[in-house]
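Listing of input03.pdb, PDB, C-alpha atoms
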MODEL        1
ATOM      1  CA  ASP A   1     121.841 150.569 186.728
ATOM      2  CA  SER A   2     118.909 151.497 184.471
ATOM      3  CA  GLY A   3     117.278 153.796 187.018
ATOM      4  CA  VAL A   4     114.098 151.705 187.096
ATOM      5  CA  THR A   5     113.427 150.163 190.497
ATOM      6  CA  GLN A   6     111.236 147.145 191.096
ATOM      7  CA  THR A   7     110.214 145.667 194.418
ATOM      8  CA  PRO A   8     110.227 143.055 195.692
ATOM      9  CA  LYS A   9     112.944 141.124 193.856
ATOM     10  CA  HIS A  10     111.487 137.779 194.817
ATOM     11  CA  LEU A  11     108.022 136.728 195.876
ATOM     12  CA  ILE A  12     106.760 133.293 196.845
ATOM     13  CA  THR A  13     103.064 132.873 197.418
ATOM     14  CA  ALA A  14     100.358 130.242 197.363
ATOM     15  CA  THR A  15      97.747 129.609 194.718
ATOM     16  CA  GLY A  16      94.660 131.746 195.106
ATOM     17  CA  GLN A  17      96.523 134.590 196.744
ATOM     18  CA  ARG A  18      96.918 138.200 195.626
ATOM     19  CA  VAL A  19     100.195 140.108 195.269
ATOM     20  CA  THR A  20     101.265 143.600 194.305
ATOM     21  CA  LEU A  21     104.421 144.383 192.371
ATOM     22  CA  ARG A  22     105.817 147.883 192.484
ATOM     23  CA  CYS A  23     107.788 149.880 189.941
ATOM     24  CA  SER A  24     109.453 153.270 190.154
ATOM     25  CA  PRO A  25     110.358 154.571 186.686
ATOM     26  CA  ARG A  26     113.414 156.585 185.777
ATOM     27  CA  SER A  27     113.211 160.189 186.828
ATOM     28  CA  GLY A  28     111.288 162.102 184.170
ATOM     29  CA  ASP A  29     109.892 159.053 182.368
ATOM     30  CA  LEU A  30     106.162 159.274 181.829
ATOM     31  CA  SER A  31     105.502 155.848 180.345
ATOM     32  CA  VAL A  32     105.559 152.613 182.295
ATOM     33  CA  TYR A  33     105.271 149.191 180.689
ATOM     34  CA  TRP A  34     104.779 145.818 182.333
ATOM     35  CA  TYR A  35     106.077 142.627 180.763
ATOM     36  CA  GLN A  36     105.888 138.986 181.794
ATOM     37  CA  GLN A  37     108.771 136.665 180.995
ATOM     38  CA  SER A  38     108.212 132.946 181.222
ATOM     39  CA  LEU A  39     110.278 130.116 179.814
ATOM     40  CA  ASP A  40     107.780 129.055 177.176
ATOM     41  CA  GLN A  41     106.254 132.432 176.254
ATOM     42  CA  GLY A  42     109.226 134.748 176.062
ATOM     43  CA  LEU A  43     108.622 138.414 176.847
ATOM     44  CA  GLN A  44     104.926 139.204 176.757
ATOM     45  CA  PHE A  45     103.669 142.758 176.944
ATOM     46  CA  LEU A  46     100.966 143.142 179.567
ATOM     47  CA  ILE A  47      99.984 146.781 179.898
ATOM     48  CA  GLN A  48     101.238 150.340 179.492
ATOM     49  CA  TYR A  49     100.489 153.521 181.385
ATOM     50  CA  TYR A  50     101.346 157.004 180.318
ATOM     51  CA  ASN A  51     101.199 159.863 182.788
ATOM     52  CA  GLY A  52      98.613 158.099 184.919
ATOM     53  CA  GLU A  53      96.368 156.807 182.169
ATOM     54  CA  GLU A  54      96.181 153.394 180.590
ATOM     55  CA  ARG A  55      97.636 153.635 177.087
ATOM     56  CA  ALA A  56      97.863 150.120 175.712
ATOM     57  CA  LYS A  57      96.852 146.630 176.708
ATOM     58  CA  GLY A  58      98.509 143.419 175.701
ATOM     59  CA  ASN A  59      98.056 139.864 176.848
ATOM     60  CA  ILE A  60      96.946 140.755 180.329
ATOM     61  CA  LEU A  61      94.594 138.417 182.152
ATOM     62  CA  GLU A  62      91.428 139.748 183.762
ATOM     63  CA  ARG A  63      92.845 138.625 187.122
ATOM     64  CA  PHE A  64      95.661 141.140 186.638
ATOM     65  CA  SER A  65      95.359 144.889 186.893
ATOM     66  CA  ALA A  66      97.686 147.839 187.094
ATOM     67  CA  GLN A  67      97.705 151.526 187.839
ATOM     68  CA  GLN A  68     100.054 154.475 187.691
ATOM     69  CA  PHE A  69      99.983 156.989 190.487
ATOM     70  CA  PRO A  70     100.449 160.786 190.367
ATOM     71  CA  ASP A  71     104.117 160.401 191.329
ATOM     72  CA  LEU A  72     104.401 158.114 188.264
ATOM     73  CA  HIS A  73     105.217 154.933 190.124
ATOM     74  CA  SER A  74     103.172 151.943 189.044
ATOM     75  CA  GLU A  75     101.782 148.837 190.642
ATOM     76  CA  LEU A  76     100.805 145.551 189.041
ATOM     77  CA  ASN A  77      98.206 143.581 190.971
ATOM     78  CA  LEU A  78      97.933 139.859 190.400
ATOM     79  CA  SER A  79      95.008 138.037 192.010
ATOM     80  CA  SER A  80      93.646 134.495 192.260
ATOM     81  CA  LEU A  81      97.140 133.330 191.469
ATOM     82  CA  GLU A  82      97.711 130.084 189.624
ATOM     83  CA  LEU A  83     100.823 127.964 189.232
ATOM     84  CA  GLY A  84     101.103 129.162 185.646
ATOM     85  CA  ASP A  85     101.506 132.757 186.797
ATOM     86  CA  SER A  86     104.984 131.935 188.051
ATOM     87  CA  ALA A  87     107.290 134.113 185.965
ATOM     88  CA  LEU A  88     109.619 137.069 185.937
ATOM     89  CA  TYR A  89     107.709 140.342 185.789
ATOM     90  CA  PHE A  90     109.490 143.335 184.351
ATOM     91  CA  CYS A  91     108.687 146.976 184.469
ATOM     92  CA  ALA A  92     110.166 149.340 181.907
ATOM     93  CA  SER A  93     109.937 153.068 181.443
ATOM     94  CA  SER A  94     110.540 155.543 178.674
ATOM     95  CA  VAL A  95     109.959 159.200 178.000
ATOM     96  CA  VAL A  96     107.842 160.526 175.186
ATOM     97  CA  GLN A  97     109.662 162.943 172.958
ATOM     98  CA  GLY A  98     108.031 166.280 172.416
ATOM     99  CA  THR A  99     107.501 165.618 168.724
ATOM    100  CA  GLY A 100     105.677 162.394 169.453
ATOM    101  CA  LEU A 101     108.180 160.355 167.501
ATOM    102  CA  MET A 102     108.504 157.056 169.316
ATOM    103  CA  ASN A 103     112.206 156.523 168.898
ATOM    104  CA  THR A 104     113.131 156.220 172.510
ATOM    105  CA  GLU A 105     114.254 152.960 173.969
ATOM    106  CA  ALA A 106     112.692 151.570 177.120
ATOM    107  CA  PHE A 107     114.748 151.020 180.262
ATOM    108  CA  PHE A 108     114.071 147.902 182.268
ATOM    109  CA  GLY A 109     114.127 147.161 185.950
ATOM    110  CA  GLN A 110     115.700 144.029 187.388
ATOM    111  CA  GLY A 111     112.359 142.296 187.585
ATOM    112  CA  THR A 112     110.303 140.551 190.250
ATOM    113  CA  ARG A 113     110.504 136.791 190.252
ATOM    114  CA  LEU A 114     107.125 135.445 191.273
ATOM    115  CA  THR A 115     106.816 131.838 192.351
ATOM    116  CA  VAL A 116     103.346 130.465 192.966
ATOM    117  CA  VAL A 117     103.296 127.230 194.976
TER     118      VAL A 117
ATOM    119  CA  ALA B   1     100.449 144.497 163.954
ATOM    120  CA  GLN B   2     104.192 144.589 164.245
ATOM    121  CA  SER B   3     106.190 141.451 165.005
ATOM    122  CA  VAL B   4     109.742 140.256 165.298
ATOM    123  CA  ALA B   5     111.231 136.851 164.572
ATOM    124  CA  GLN B   6     114.483 135.494 165.902
ATOM    125  CA  PRO B   7     114.935 132.286 163.939
ATOM    126  CA  GLU B   8     117.636 130.782 166.142
ATOM    127  CA  ASP B   9     116.986 129.735 169.732
ATOM    128  CA  GLN B  10     120.706 129.182 170.310
ATOM    129  CA  VAL B  11     123.900 130.435 168.695
ATOM    130  CA  ASN B  12     127.285 128.986 169.579
ATOM    131  CA  VAL B  13     130.506 130.718 168.617
ATOM    132  CA  ALA B  14     134.145 130.369 169.566
ATOM    133  CA  GLU B  15     135.818 133.200 171.425
ATOM    134  CA  GLY B  16     137.515 135.588 169.033
ATOM    135  CA  ASN B  17     135.277 134.658 166.106
ATOM    136  CA  PRO B  18     132.692 137.016 164.668
ATOM    137  CA  LEU B  19     129.139 136.538 165.833
ATOM    138  CA  THR B  20     125.755 137.203 164.260
ATOM    139  CA  VAL B  21     122.368 137.001 165.933
ATOM    140  CA  LYS B  22     119.543 137.184 163.434
ATOM    141  CA  CYS B  23     116.343 139.201 163.550
ATOM    142  CA  THR B  24     113.624 139.847 161.006
ATOM    143  CA  TYR B  25     110.692 142.160 161.481
ATOM    144  CA  SER B  26     107.243 142.864 160.170
ATOM    145  CA  VAL B  27     105.795 146.347 160.527
ATOM    146  CA  SER B  28     103.896 148.803 158.402
ATOM    147  CA  GLY B  29     106.018 151.764 157.508
ATOM    148  CA  ASN B  30     109.544 152.427 158.637
ATOM    149  CA  PRO B  31     110.321 150.561 161.847
ATOM    150  CA  TYR B  32     112.099 151.538 165.000
ATOM    151  CA  LEU B  33     114.314 148.560 165.900
ATOM    152  CA  PHE B  34     116.142 147.693 169.091
ATOM    153  CA  TRP B  35     118.480 145.097 170.541
ATOM    154  CA  TYR B  36     118.591 144.205 174.214
ATOM    155  CA  VAL B  37     120.734 141.778 176.192
ATOM    156  CA  GLN B  38     119.757 139.884 179.321
ATOM    157  CA  TYR B  39     122.331 138.365 181.637
ATOM    158  CA  PRO B  40     121.261 135.668 184.139
ATOM    159  CA  ASN B  41     118.952 136.980 186.851
ATOM    160  CA  ARG B  42     119.142 140.497 185.456
ATOM    161  CA  GLY B  43     116.870 142.856 183.613
ATOM    162  CA  LEU B  44     117.171 143.711 179.953
ATOM    163  CA  GLN B  45     119.934 146.102 179.003
ATOM    164  CA  PHE B  46     119.653 148.306 175.949
ATOM    165  CA  LEU B  47     122.373 147.692 173.338
ATOM    166  CA  LEU B  48     121.475 149.757 170.298
ATOM    167  CA  LYS B  49     118.666 151.078 168.139
ATOM    168  CA  TYR B  50     117.907 151.964 164.555
ATOM    169  CA  ILE B  51     115.613 154.886 163.899
ATOM    170  CA  THR B  52     116.733 156.375 160.630
ATOM    171  CA  GLY B  53     119.883 157.213 158.718
ATOM    172  CA  ASP B  54     122.927 154.996 158.389
ATOM    173  CA  ASN B  55     121.998 151.343 158.054
ATOM    174  CA  LEU B  56     124.906 150.282 160.254
ATOM    175  CA  VAL B  57     124.273 151.146 163.865
ATOM    176  CA  LYS B  58     126.937 150.938 166.552
ATOM    177  CA  GLY B  59     126.057 150.221 170.142
ATOM    178  CA  SER B  60     127.390 149.220 173.517
ATOM    179  CA  TYR B  61     130.137 146.651 174.225
ATOM    180  CA  GLY B  62     131.365 146.624 170.610
ATOM    181  CA  PHE B  63     128.080 145.414 169.138
ATOM    182  CA  GLU B  64     126.632 146.707 165.910
ATOM    183  CA  ALA B  65     123.575 145.937 163.848
ATOM    184  CA  GLU B  66     122.779 146.269 160.179
ATOM    185  CA  PHE B  67     119.358 147.397 159.032
ATOM    186  CA  ASN B  68     118.318 145.891 155.704
ATOM    187  CA  LYS B  69     114.999 147.203 154.493
ATOM    188  CA  SER B  70     114.676 144.911 151.469
ATOM    189  CA  GLN B  71     115.211 141.825 153.621
ATOM    190  CA  THR B  72     113.348 143.292 156.622
ATOM    191  CA  SER B  73     116.236 142.281 158.825
ATOM    192  CA  PHE B  74     118.189 143.802 161.681
ATOM    193  CA  HIS B  75     120.980 141.358 162.520
ATOM    194  CA  LEU B  76     123.198 141.926 165.526
ATOM    195  CA  LYS B  77     126.921 141.516 164.957
ATOM    196  CA  LYS B  78     130.236 141.698 166.731
ATOM    197  CA  PRO B  79     133.628 141.263 165.022
ATOM    198  CA  SER B  80     135.224 139.297 167.855
ATOM    199  CA  ALA B  81     133.162 137.474 170.475
ATOM    200  CA  LEU B  82     134.042 137.363 174.157
ATOM    201  CA  VAL B  83     133.056 134.708 176.686
ATOM    202  CA  SER B  84     131.392 137.513 178.633
ATOM    203  CA  ASP B  85     129.033 138.108 175.687
ATOM    204  CA  SER B  86     127.254 134.867 176.571
ATOM    205  CA  ALA B  87     123.687 135.909 177.362
ATOM    206  CA  LEU B  88     120.137 136.048 176.031
ATOM    207  CA  TYR B  89     119.609 138.560 173.236
ATOM    208  CA  PHE B  90     116.290 140.097 172.279
ATOM    209  CA  CYS B  91     115.340 141.993 169.166
ATOM    210  CA  ALA B  92     112.401 144.393 169.457
ATOM    211  CA  VAL B  93     110.347 146.615 167.193
ATOM    212  CA  ARG B  94     108.203 149.627 167.788
ATOM    213  CA  GLU B  95     105.740 150.916 165.240
ATOM    214  CA  PRO B  96     106.446 154.536 164.437
ATOM    215  CA  TYR B  97     104.004 157.410 164.256
ATOM    216  CA  SER B  98     101.357 155.474 166.130
ATOM    217  CA  GLY B  99     101.701 157.031 169.521
ATOM    218  CA  ASN B 100     103.543 155.940 172.565
ATOM    219  CA  THR B 101     103.496 152.244 171.783
ATOM    220  CA  PRO B 102     105.172 149.368 173.610
ATOM    221  CA  LEU B 103     108.118 147.430 172.291
ATOM    222  CA  VAL B 104     107.289 144.061 170.779
ATOM    223  CA  PHE B 105     110.005 141.494 171.434
ATOM    224  CA  GLY B 106     111.193 138.410 169.680
ATOM    225  CA  LYS B 107     111.495 135.167 171.639
ATOM    226  CA  GLY B 108     115.182 135.687 172.241
ATOM    227  CA  THR B 109     118.378 133.975 171.135
ATOM    228  CA  ARG B 110     120.761 132.454 173.618
ATOM    229  CA  LEU B 111     124.349 133.187 172.682
ATOM    230  CA  SER B 112     127.048 130.922 174.003
ATOM    231  CA  VAL B 113     130.661 131.948 173.450
ATOM    232  CA  ILE B 114     133.068 129.108 174.022
ATOM    233  CA  ALA B 115     136.635 129.703 175.141
TER     234      ALA B 115
ENDMDL
END

Conversion result in C-alpha cells:
Amino acid sequence: DSGVTQTPKHLITATGQRVTLRCSPRSGDLSVYWYQQSLDQGLQFLIQYYNGEERAKGNILERFSAQQFPDLHSELNLSSLELGDSALYFCASSVVQGTGLMNTEAFFGQGTRLTVV
Amino acid sequence: AQSVAQPEDQVNVAEGNPLTVKCTYSVSGNPYLFWYVQYPNRGLQFLLKYITGDNLVKGSYGFEAEFNKSQTSFHLKKPSALVSDSALYFCAVREPYSGNTPLVFGKGTRLSVIA
C-alpha cells in the first residue's frame, strides 16, 4: 500500500458528461501529480500541484482541470468527455526535501479506470 | 526537456535466467533516475532510484540498476528471474535542481518470465 488513495476505482460514463476523480496523497506529501495511462500513449503527465498551487502543466486538455485543497487532497475534473478519454488516471504524491533537491520518488495510487461509452 | 527511452516493448526470459530491461535517458546535467513496476490492474510501485554515488543501485525484490553516464543508460537487472516478476516496467527521469518537477516516464517494457 503506497498510502495514496484514489476514488472511485472504476467509472463508466457517457460521452459529453463530466466526472471528478479524487486523490488523497500520503500523509505529509505536499506535491500531487496526475497522470493518464492509455494503451497507445503510455504514461502522460497531466498536471502537478504543490501545497495548493499549480506547479507544472503537461499534456492536459482544456476540458480537464484540477485543484488541490487546503487539506492537500486533489481533484481532477474531466468535462465534455469523449471516447478517447477512456484511460487509467493515476495520482501520485511526493514530498519536497528541505534543500530543494528533487531526489524523492513519487508514490502512486491504484488509479481510476475511466470508461467513456 | 528531459526524456526517457525504453527501446524494447517486450522482453521474454526463462525463469532462473538473468534479466535486463533497458533504459536510456536525455537530460541536462546529472539526472535523477527511477524504476517502477506495474502489475495488472495496479498502480505503479517504486523499485529503485539513482541520485548520486555508486553506479550500481540495489532496490526491491532483488532488482538492481546500473547507471552509466557515458552511455546515458540506466538498465534494470536481476540475476535470476521469477515468474512473479512478469509485469510492466517503467523507467523515469527527473531533472535535478529545477524545482519540484514531475517524473517523465518511458513507454514501458513488458517483461514476461516463462517457467

Residues of chain B within 10 Å of chain A, counting only C-alpha atoms, as a count of residues only
36

Hey, could you pull the box centre and edge lengths for range 13-32 of chain A, axis-aligned, 6 Å padding per side, all listed atoms, to one decimal in Å, as JSON?
{"center_x": 104.0, "center_y": 145.9, "center_z": 188.9, "size_x": 30.8, "size_y": 44.5, "size_z": 29.1}

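Evaluated against the shown file, the PyMOL selection byres ((chain B and resi 9-20) around 7) gives B:Pro7, B:Glu8, B:Val21, B:Lys22, B:His75, B:Leu76, B:Lys77, B:Lys78, B:Pro79, B:Ser80, B:Ala81, B:Leu82, B:Val83, B:Gly108, B:Thr109, B:Arg110, B:Leu111, B:Ser112, B:Val113, B:Ile114, B:Ala115.
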
Specify as an MDAnalysis selection string each residue included when the PyMOL selection byres ((chain B and resi 1) around 7) is applied to this file.
chainID B and resid 2:3 27

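With CA of Thr72 in chain B on one side and CA of Asp54 in chain B on the other, the separation reads 15.2 Å.
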
Quick one: apply the PyMOL selection byres ((chain A and resi 17-27) around 7) to the file and drop the selected residues here as a PyMOL selection string.
chain A and resi 3-8+13-16+28-29+32+73-81+91+93

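Candidate residues B:Lys58, B:Gly53, B:Ser28, B:Val4 were compared for distance to Cys91 in chain B, and the nearest is B:Val4, using all atoms listed in the file.
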
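For the pair CA of Gly52 in chain A and CA of Ser65 in chain A, the interatomic distance is 13.7 Å.
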
Please complete range 68-79 of chain A so it has all heavy atoms, and hand it over as a PDB file, in the frame of the given file.
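Contents of part_27.pdb, as written:
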ATOM      1  N   GLN A  68      98.918 153.565 187.557  1.00  0.00           N
ATOM      2  CA  GLN A  68     100.054 154.475 187.691  1.00  0.00           C
ATOM      3  C   GLN A  68      99.583 155.657 188.524  1.00  0.00           C
ATOM      4  O   GLN A  68      98.558 156.265 188.235  1.00  0.00           O
ATOM      5  CB  GLN A  68     100.559 154.939 186.327  1.00  0.00           C
ATOM      6  CG  GLN A  68     101.839 155.762 186.412  1.00  0.00           C
ATOM      7  CD  GLN A  68     102.350 156.198 185.058  1.00  0.00           C
ATOM      8  OE1 GLN A  68     101.593 156.359 184.108  1.00  0.00           O
ATOM      9  NE2 GLN A  68     103.650 156.413 184.958  1.00  0.00           N
ATOM     10  N   PHE A  69     100.369 155.970 189.512  1.00  0.00           N
ATOM     11  CA  PHE A  69      99.983 156.989 190.487  1.00  0.00           C
ATOM     12  C   PHE A  69     100.505 158.371 190.073  1.00  0.00           C
ATOM     13  O   PHE A  69     101.333 158.476 189.177  1.00  0.00           O
ATOM     14  CB  PHE A  69     100.525 156.579 191.858  1.00  0.00           C
ATOM     15  CG  PHE A  69      99.896 155.324 192.374  1.00  0.00           C
ATOM     16  CD1 PHE A  69     100.405 154.075 192.049  1.00  0.00           C
ATOM     17  CD2 PHE A  69      98.753 155.382 193.171  1.00  0.00           C
ATOM     18  CE1 PHE A  69      99.810 152.912 192.503  1.00  0.00           C
ATOM     19  CE2 PHE A  69      98.156 154.224 193.637  1.00  0.00           C
ATOM     20  CZ  PHE A  69      98.690 152.985 193.303  1.00  0.00           C
ATOM     21  N   PRO A  70     100.002 159.425 190.732  1.00  0.00           N
ATOM     22  CA  PRO A  70     100.449 160.786 190.367  1.00  0.00           C
ATOM     23  C   PRO A  70     101.961 160.980 190.424  1.00  0.00           C
ATOM     24  O   PRO A  70     102.502 161.785 189.673  1.00  0.00           O
ATOM     25  CB  PRO A  70      99.733 161.671 191.394  1.00  0.00           C
ATOM     26  CG  PRO A  70      98.479 160.917 191.711  1.00  0.00           C
ATOM     27  CD  PRO A  70      98.885 159.459 191.680  1.00  0.00           C
ATOM     28  N   ASP A  71     102.656 160.253 191.298  1.00  0.00           N
ATOM     29  CA  ASP A  71     104.117 160.401 191.329  1.00  0.00           C
ATOM     30  C   ASP A  71     104.794 159.525 190.275  1.00  0.00           C
ATOM     31  O   ASP A  71     106.007 159.423 190.237  1.00  0.00           O
ATOM     32  CB  ASP A  71     104.664 160.070 192.720  1.00  0.00           C
ATOM     33  CG  ASP A  71     104.489 158.604 193.098  1.00  0.00           C
ATOM     34  OD1 ASP A  71     103.817 157.871 192.348  1.00  0.00           O
ATOM     35  OD2 ASP A  71     105.027 158.185 194.135  1.00  0.00           O
ATOM     36  N   LEU A  72     104.011 158.916 189.428  1.00  0.00           N
ATOM     37  CA  LEU A  72     104.401 158.114 188.264  1.00  0.00           C
ATOM     38  C   LEU A  72     104.856 156.697 188.586  1.00  0.00           C
ATOM     39  O   LEU A  72     105.128 155.930 187.652  1.00  0.00           O
ATOM     40  CB  LEU A  72     105.478 158.824 187.420  1.00  0.00           C
ATOM     41  CG  LEU A  72     105.054 160.173 186.859  1.00  0.00           C
ATOM     42  CD1 LEU A  72     106.187 160.813 186.079  1.00  0.00           C
ATOM     43  CD2 LEU A  72     103.818 160.031 185.961  1.00  0.00           C
ATOM     44  N   HIS A  73     104.918 156.326 189.854  1.00  0.00           N
ATOM     45  CA  HIS A  73     105.217 154.933 190.124  1.00  0.00           C
ATOM     46  C   HIS A  73     103.999 154.091 189.745  1.00  0.00           C
ATOM     47  O   HIS A  73     102.872 154.589 189.658  1.00  0.00           O
ATOM     48  CB  HIS A  73     105.668 154.707 191.566  1.00  0.00           C
ATOM     49  CG  HIS A  73     104.567 154.369 192.540  1.00  0.00           C
ATOM     50  ND1 HIS A  73     103.870 155.336 193.241  1.00  0.00           N
ATOM     51  CD2 HIS A  73     104.064 153.177 192.925  1.00  0.00           C
ATOM     52  CE1 HIS A  73     102.990 154.749 194.024  1.00  0.00           C
ATOM     53  NE2 HIS A  73     103.064 153.443 193.855  1.00  0.00           N
ATOM     54  N   SER A  74     104.244 152.816 189.507  1.00  0.00           N
ATOM     55  CA  SER A  74     103.172 151.943 189.044  1.00  0.00           C
ATOM     56  C   SER A  74     103.130 150.679 189.885  1.00  0.00           C
ATOM     57  O   SER A  74     104.139 150.261 190.461  1.00  0.00           O
ATOM     58  CB  SER A  74     103.401 151.584 187.572  1.00  0.00           C
ATOM     59  OG  SER A  74     102.394 150.694 187.106  1.00  0.00           O
ATOM     60  N   GLU A  75     101.964 150.110 189.954  1.00  0.00           N
ATOM     61  CA  GLU A  75     101.782 148.837 190.642  1.00  0.00           C
ATOM     62  C   GLU A  75     101.034 147.865 189.742  1.00  0.00           C
ATOM     63  O   GLU A  75     100.100 148.267 189.036  1.00  0.00           O
ATOM     64  CB  GLU A  75     101.016 149.038 191.957  1.00  0.00           C
ATOM     65  CG  GLU A  75     101.816 149.807 192.994  1.00  0.00           C
ATOM     66  CD  GLU A  75     101.065 149.999 194.290  1.00  0.00           C
ATOM     67  OE1 GLU A  75      99.888 149.604 194.386  1.00  0.00           O
ATOM     68  OE2 GLU A  75     101.667 150.554 195.229  1.00  0.00           O
ATOM     69  N   LEU A  76     101.473 146.628 189.771  1.00  0.00           N
ATOM     70  CA  LEU A  76     100.805 145.551 189.041  1.00  0.00           C
ATOM     71  C   LEU A  76     100.219 144.608 190.081  1.00  0.00           C
ATOM     72  O   LEU A  76     100.941 144.088 190.931  1.00  0.00           O
ATOM     73  CB  LEU A  76     101.811 144.810 188.151  1.00  0.00           C
ATOM     74  CG  LEU A  76     101.265 143.633 187.343  1.00  0.00           C
ATOM     75  CD1 LEU A  76     100.278 144.120 186.280  1.00  0.00           C
ATOM     76  CD2 LEU A  76     102.407 142.864 186.667  1.00  0.00           C
ATOM     77  N   ASN A  77      98.908 144.434 190.022  1.00  0.00           N
ATOM     78  CA  ASN A  77      98.206 143.581 190.971  1.00  0.00           C
ATOM     79  C   ASN A  77      97.838 142.272 190.295  1.00  0.00           C
ATOM     80  O   ASN A  77      97.203 142.270 189.233  1.00  0.00           O
ATOM     81  CB  ASN A  77      96.942 144.289 191.459  1.00  0.00           C
ATOM     82  CG  ASN A  77      97.261 145.600 192.146  1.00  0.00           C
ATOM     83  OD1 ASN A  77      97.934 145.631 193.160  1.00  0.00           O
ATOM     84  ND2 ASN A  77      96.805 146.702 191.564  1.00  0.00           N
ATOM     85  N   LEU A  78      98.219 141.188 190.931  1.00  0.00           N
ATOM     86  CA  LEU A  78      97.933 139.859 190.400  1.00  0.00           C
ATOM     87  C   LEU A  78      97.082 139.135 191.442  1.00  0.00           C
ATOM     88  O   LEU A  78      97.494 138.992 192.603  1.00  0.00           O
ATOM     89  CB  LEU A  78      99.231 139.080 190.155  1.00  0.00           C
ATOM     90  CG  LEU A  78     100.364 139.828 189.445  1.00  0.00           C
ATOM     91  CD1 LEU A  78     101.607 138.950 189.365  1.00  0.00           C
ATOM     92  CD2 LEU A  78      99.945 140.286 188.061  1.00  0.00           C
ATOM     93  N   SER A  79      95.894 138.676 191.042  1.00  0.00           N
ATOM     94  CA  SER A  79      95.008 138.037 192.010  1.00  0.00           C
ATOM     95  C   SER A  79      94.635 136.626 191.570  1.00  0.00           C
ATOM     96  O   SER A  79      94.880 136.238 190.420  1.00  0.00           O
ATOM     97  CB  SER A  79      93.745 138.883 192.190  1.00  0.00           C
ATOM     98  OG  SER A  79      93.056 138.981 190.977  1.00  0.00           O
TER      99      SER A  79
END
